[in-house]
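Read the structure below first, then the notes.
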Amino acid sequence: MTGASPAAGTSRATLRARALDRLRFGSVDLQKLAPTREERLLLLLSILIGIISGLLVVAFRVAIEWIKVLLLGSAPHPGQLRLLYMPAGMGLIVAALVIFIFPGARGSGVNQTKAALYVYNGYISFKTVIGKFLTAALALGSGQSLGPEDPSLQIGAGVASVIARRLKMSRQRLRLFAPIGAAAGLAAAFNAPISAMLFVIEEVIGSWSAAVLGSIVLAAISSVVVARLFWGTEPMFRVPAVELRDPRELLAYAVMGVIGGFVAVIFSSTLGYLRPRLRNLPRWTLFCQPALAGLLVGAIGYFGFPQVMGVGYGVIDQAMHAQFTWQILLALAIFKLIATTVSFSSGTPGGMFAPTLFIGAMLGGAVGAFEKLFFPHLTGSIGAYALVGMGVLFAGFLRVPLTSVFMVLEVSGNYSIILPVILANTIAYLISRSLQPVPIFEVLTLQDGLHLPSMEEQREEVHLHIEDALRPVDIPILEGADPLAKASRAFADSGAAALLVKMWDNSWYALTREELSGIEALQNPESRLETAVRNDRIPDLYPDLTLDSALPCFARWKILPIQNRATLGTLEGILTEPDVLDRYHQDWTGRSIK
Amino acid sequence: MPESTQPLSSAERNALRRLVFQDAIALLSLLLVIIVLSVLTYLLFHSFKSHEIDLAQRWKRRGEVALQKGNPNVAIDALRSALAYKSDRSTEIELAEALANAGKTHEAVAYFTTLREAEPGSGIINLQLARLAARQDEQAQAIHYYQTAIDGTWEGDGYQRRRDVRLELAQYLISIHQFTRARNQLLIAVGNAGNLPPILLKIAAMLEECQSQTDALQIYRTLSKQREPSWQALSGAGRTAYQLGEFNVALHYLDRALYARAFVSQPAAVQTTIRNMQSIAAQILAIYPSTDLSIRDRALRIQHNVTVARKRFNSCESPLAAAALAAPKAPTATSSSSLLPPVIPANPLAQDAQASAKALAARWAKVPRYPTLFYLEQNPQAEQTLMQLVYDTEIDAAKQCGTPKGEDALLYRIAQDPNAVEQQ
């Protein structure tokens, strides 16, 4: 994976050896010397990572704006020749930089960060950070239709990785730092800490991990504080409060969700189709692809729609303030989709967040303007529809439903829109995943030859519980006060391999025939079971616990009693190792058939 | 730092010291990096921000100039560029205005509507929406937006802006012939106008447009009482008094207007109109049997007017009255034969004219054919009756025989409201 690898050319074995070396400090084991050092440093470093990421992201965004003004002029408009040659020329430079100097800077940054986390033990080189900053700034500033958020995420993750390595963190800790930095970078780019945290949890880590959550929060907040010192506390987009006077108006937003869902599928399908084909072209074409992409994007700008060039936040704001007719908005959505697909597929560094928001906002604005025109009694403003449209495409295309809702709320600072957003996003998400089972990030990693865990699958994985393998109590149950002789009789009568003994304190013991034979050889048959058996007891197990949690118990016990949570001592059933394995087998077979 | 309960070896102690030192150095270097990065980012950010403000101002200026020069399409591009660098409410409003001026009414409406959602009480936004609604002939919407603009918030002199908007609303109401509502707005505007002659003159002119000459006259007269009244006030007072039939007042103001210095600078058509009105008012007052006249003079005028009116009656109404008398009676049941009478389509208008002519003839028959001066001087009641007959004759004759001329025309004017003629 040339493009996705943060340490291209470095073998996995070398990285592992390097990581193991870091665990040692000379000949002394750091873990032994200062076992809580890393834990303590983690929180402090999270804040420092957040601050540095915030500063870098601010500088990155300003650099993009400066380059844009210098290359495309202060107000690009159709018919300017520079719109054609600047993106194309800069495409050549960016391609050369990515191929010869910064191979790790290729792509958006999200998958590269995931790869660093899952494959390279959290390793992202400093060169990649520099490369991402430089190449993405040049590409976006020259008008390539990509966004700064994903690169910001990678820059943040890279900063965290560099700092963690500098402080000789253990391999285990090193892996935690990438998501911390990623959250910081994304939070600063979006000026939205909650969305950044959720995105990292939804798409990078894949689960709520208490070990890293605190650090992610600290890093995200620190970076946003820094970003707000520069950009102010105003939300990214200013949209008037949405007043949902008539619940029937939700239907209009539902329509938006349906349209957004289909467009998300078209977007991801186009990207999934074009990208591998461009990558499979002869190697020399990789030099020209960003330039040709730039030329195409420039041509779109030259012949009428310069709004599709670059990041496009200003245009999103204009759309929210109803500065375009629905026809123009629709045209912008279509051309942005084409431009982004080409820019991204060409391997130009840059993200897909901003284009997704752009297309969503234009689409939402178009739907809103159209509905306002033909159904004037609807009270929702065009800005509200554009805002919902942003969330819709975010949910449908990037497949991060939770993040999409909070992202809309945070970038607008408008919580009154939550109901339409949830409705439309859910519809778009469901349509997208039913028509396109593999999310776009997974498609891209597979195209890069990586097999990273699917976050969507992880999120939705159904865990088996004890109740799924439970069987009725079909073995004898004795009291702890019963004599050994009674146990012998019970074995003889039932023919069971084991029986359960309930002790005075409602704890349980599983007595096997072999164990009883051994005890009987040494003790009087009238001895009480509770004194005759060993002192250990079966851990309390309940039907709602995961099946995995019962597995370790089978090393000691053949049968596990499963108790009722409300009345301890009352059995819901029993669990045996073969039952558990059978259940896992059934589950695996079922998935294979699917 | 070490949590281990076992004592550390000397090598471990050294390693621990080294570790603490290296961590401290690493953290300090991180702080240093933060400081350096902060300074660099600050410089980069502020250099761009100042450039951004500069660009925003430059594009805004270009947009405003283009808007003033009547190039709304250029203004749209420029103002959009300005907004891309700095969001500013006044620029947004100018952009919406440019959109409206460029004929992009739908875009302008949508833009203003969005602005209004953010600021529902903004006077200027509501005013622009009102203008756009008026342009799209959405009367109810336009009036609603005008009203909201009047009640809305304004920057600067809100009092004056609200009054201007009210006058604009009144003008719009006049244009859609809602005169009563327009008059109401104008009367409120009078209360808000203070003592500003130009505004009062404008209001009075608009009151004339919405056919409220009485109110207009009142304003003109108030203005005419000022030291060095404007020519517009004098001529307006004369004109409206003339239209109201208050010829005494009209003559007073028309005389003043005619002899004012500003009269010569008026367009020829206006001068002619004023002269004609003044002349007619003077003639009317010359034949009007004013109660202020001596008994003889009054009797003379009445006698003359009766002669004029009788002549008019004889030439116009007499044939009608004769026709009415000669018309066959409606067939009755007793006189009907077995044959059906011929079907003659009845003309109700002609029948009415004949009936009124017949009634007038009856009234003329009851009064002396040539009332003497003595008779008139002795019978004030007869004077009244005769003059009423004169007026009724002129009105009826105008209906039957068209616009009167000469003295008949003068009498006809008096007949519209005889009591108004001498009103002060």
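Quick note on naming: the chains in the structure tokens go A, B, ... in the order shown, residues restart at 1 in each chain, and ligands are numbered from 1 in order of appearance.
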
Residue neighbourhood A:Leu292, 12 Å, only C-alpha atoms, exclusion window fewer than 6 positions, as a list in words: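 Near neighbours after the sequence-gap exclusion: Leu84, Tyr85, Met86, Pro87, Ala88, Gly89, Met90, Gly91, Leu92, Ala95, Gln144, Leu278, Thr285, Leu286, Gly298, Ala299, Ala339, Val342, Ser343, Phe344, Ser345, Ser346, Gly347 and Thr348 of chain A.
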
field: Within 7 Å of chain A: residues of chain B, using only C-alpha atoms, as a list of chain:residue names
entry: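 For chain B, the answer reads B:Met1, B:Pro2, B:Glu3, B:Glu12, B:Leu16, B:Asp23, B:Ala26, B:Ile34, B:Leu37, B:Ser38, B:Thr41, B:Leu44, B:Phe45, B:Phe48, B:Ser81, B:Ala84, B:Glu107, B:Ala110, B:Tyr111, B:Thr114, B:Glu117, B:Ala118.
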
Would you mind exporting N, CA and C atoms of the selected residues as a CSV table (one decimal), in the first residue's frame?
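Saved result, part.csv, follows:
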chain,number,residue,atom,x,y,z
B,1,MET,N,8.4,8.7,41.5
B,1,MET,CA,7.8,8.1,40.3
B,1,MET,C,7.7,6.5,40.5
B,2,PRO,N,8.8,5.9,41.0
B,2,PRO,CA,8.7,4.4,41.0
B,2,PRO,C,7.7,4.0,42.1
B,3,GLU,N,6.8,3.1,41.6
B,3,GLU,CA,5.8,2.6,42.5
B,3,GLU,C,6.2,1.2,43.1
B,12,GLU,N,19.3,1.2,38.1
B,12,GLU,CA,17.9,1.6,37.9
B,12,GLU,C,17.6,3.1,38.4
B,16,LEU,N,16.3,6.0,36.1
B,16,LEU,CA,15.1,6.8,36.5
B,16,LEU,C,15.4,8.3,36.5
B,23,ASP,N,12.3,13.3,30.2
B,23,ASP,CA,10.9,13.7,30.1
B,23,ASP,C,10.7,15.2,30.2
B,26,ALA,N,11.8,16.9,27.2
B,26,ALA,CA,10.9,16.7,26.1
B,26,ALA,C,9.7,17.6,26.3
B,34,ILE,N,5.3,24.8,21.0
B,34,ILE,CA,4.0,25.5,21.0
B,34,ILE,C,4.2,27.0,20.9
B,37,LEU,N,5.3,27.9,17.4
B,37,LEU,CA,4.2,27.7,16.5
B,37,LEU,C,3.1,28.7,16.6
B,38,SER,N,2.8,29.1,17.9
B,38,SER,CA,1.8,30.1,18.2
B,38,SER,C,2.1,31.4,17.5
B,41,THR,N,1.8,31.0,13.7
B,41,THR,CA,0.4,30.9,13.3
B,41,THR,C,-0.3,32.3,13.4
B,44,LEU,N,0.8,34.5,10.6
B,44,LEU,CA,0.1,34.1,9.3
B,44,LEU,C,-1.4,34.4,9.3
B,45,PHE,N,-2.0,34.1,10.4
B,45,PHE,CA,-3.4,34.4,10.5
B,45,PHE,C,-3.8,35.9,10.4
B,48,PHE,N,-3.3,37.3,6.9
B,48,PHE,CA,-4.4,37.0,6.0
B,48,PHE,C,-5.7,37.7,6.4
B,81,SER,N,-18.3,38.6,-3.8
B,81,SER,CA,-16.9,38.5,-3.4
B,81,SER,C,-16.7,39.1,-2.1
B,84,ALA,N,-17.8,36.9,0.6
B,84,ALA,CA,-16.9,35.7,0.8
B,84,ALA,C,-15.8,36.0,1.8
B,107,GLU,N,-34.6,35.2,-7.0
B,107,GLU,CA,-33.3,35.1,-6.1
B,107,GLU,C,-33.4,36.2,-5.0
B,110,ALA,N,-35.9,35.3,-2.4
B,110,ALA,CA,-35.4,34.2,-1.6
B,110,ALA,C,-34.3,34.7,-0.6
B,111,TYR,N,-33.4,35.6,-1.1
B,111,TYR,CA,-32.3,36.1,-0.3
B,111,TYR,C,-32.9,37.0,0.8
B,114,THR,N,-34.6,35.0,3.5
B,114,THR,CA,-33.6,34.4,4.4
B,114,THR,C,-33.1,35.4,5.4
B,117,GLU,N,-35.6,36.0,7.9
B,117,GLU,CA,-35.7,34.9,8.9
B,117,GLU,C,-34.7,35.2,10.1
B,118,ALA,N,-33.6,35.7,9.7
B,118,ALA,CA,-32.6,36.0,10.7
B,118,ALA,C,-32.9,37.3,11.5

- prompt: Using only C-alpha atoms, which residues sit within 9 Å of stretch 272-281 of chain B once same-chain residues fewer than 5 positions away are excluded, as a VMD selection string?
  reply: chain B and resid 235 238 to 239 242 245 to 248 250 to 255 257 to 258 267 286 410

query: Do you know which residues are at most 9 Å from stretch 368-370 of chain B counting only C-alpha atoms, after dropping those on the same chain fewer than 6 positions away, and could you put them as a ChimeraX atom specification?
result: /B:303,306-307,310

task: For A:Pro235, work out the shell of residues within 9 Å, counting only C-alpha atoms and skipping chain neighbours fewer than 2 positions away, then give it as a PyMOL selection string.
output: chain A and resi 191-192+232-233+237-238+410-414

field: Interatomic distance, atom CA of B:Ala359 to atom CA of B:Tyr375 (Å, one decimal)
entry: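 Those two atoms sit 23.9 Å apart.
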
- request: Using atom CA of A:Ala498 and atom CA of A:Pro476 as the two end points, give the distance in Å to one decimal.
  value: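 For atom CA of A:Ala498 relative to atom CA of A:Pro476, the distance reads 8.2 Å.
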
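Backbone DSSP over stretch 16-229 of chain A yields strand (DSSP E) at A:Arg24, A:Phe25, A:Val28, A:Asp29.
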
query: stretch 23-238 of chain B: which residues are alpha helix (DSSP H) by DSSP, as a PyMOL selection string?
result: chain B and resi 23-68+72-85+89-101+105-118+123-135+139-151+158-175+179-193+197-209+213-224+231-238

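For the choices B:Ala193, B:Val264, B:Leu67, B:Leu19, the atom-to-atom distance to B:Tyr159 is smallest for B:Ala193 when using only C-alpha atoms.
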
message: As an exercise, work out the distance from atom CA of A:Ala219 to atom CA of A:Ala184 in Å and give it to one decimal place.
response: 5.1 Å
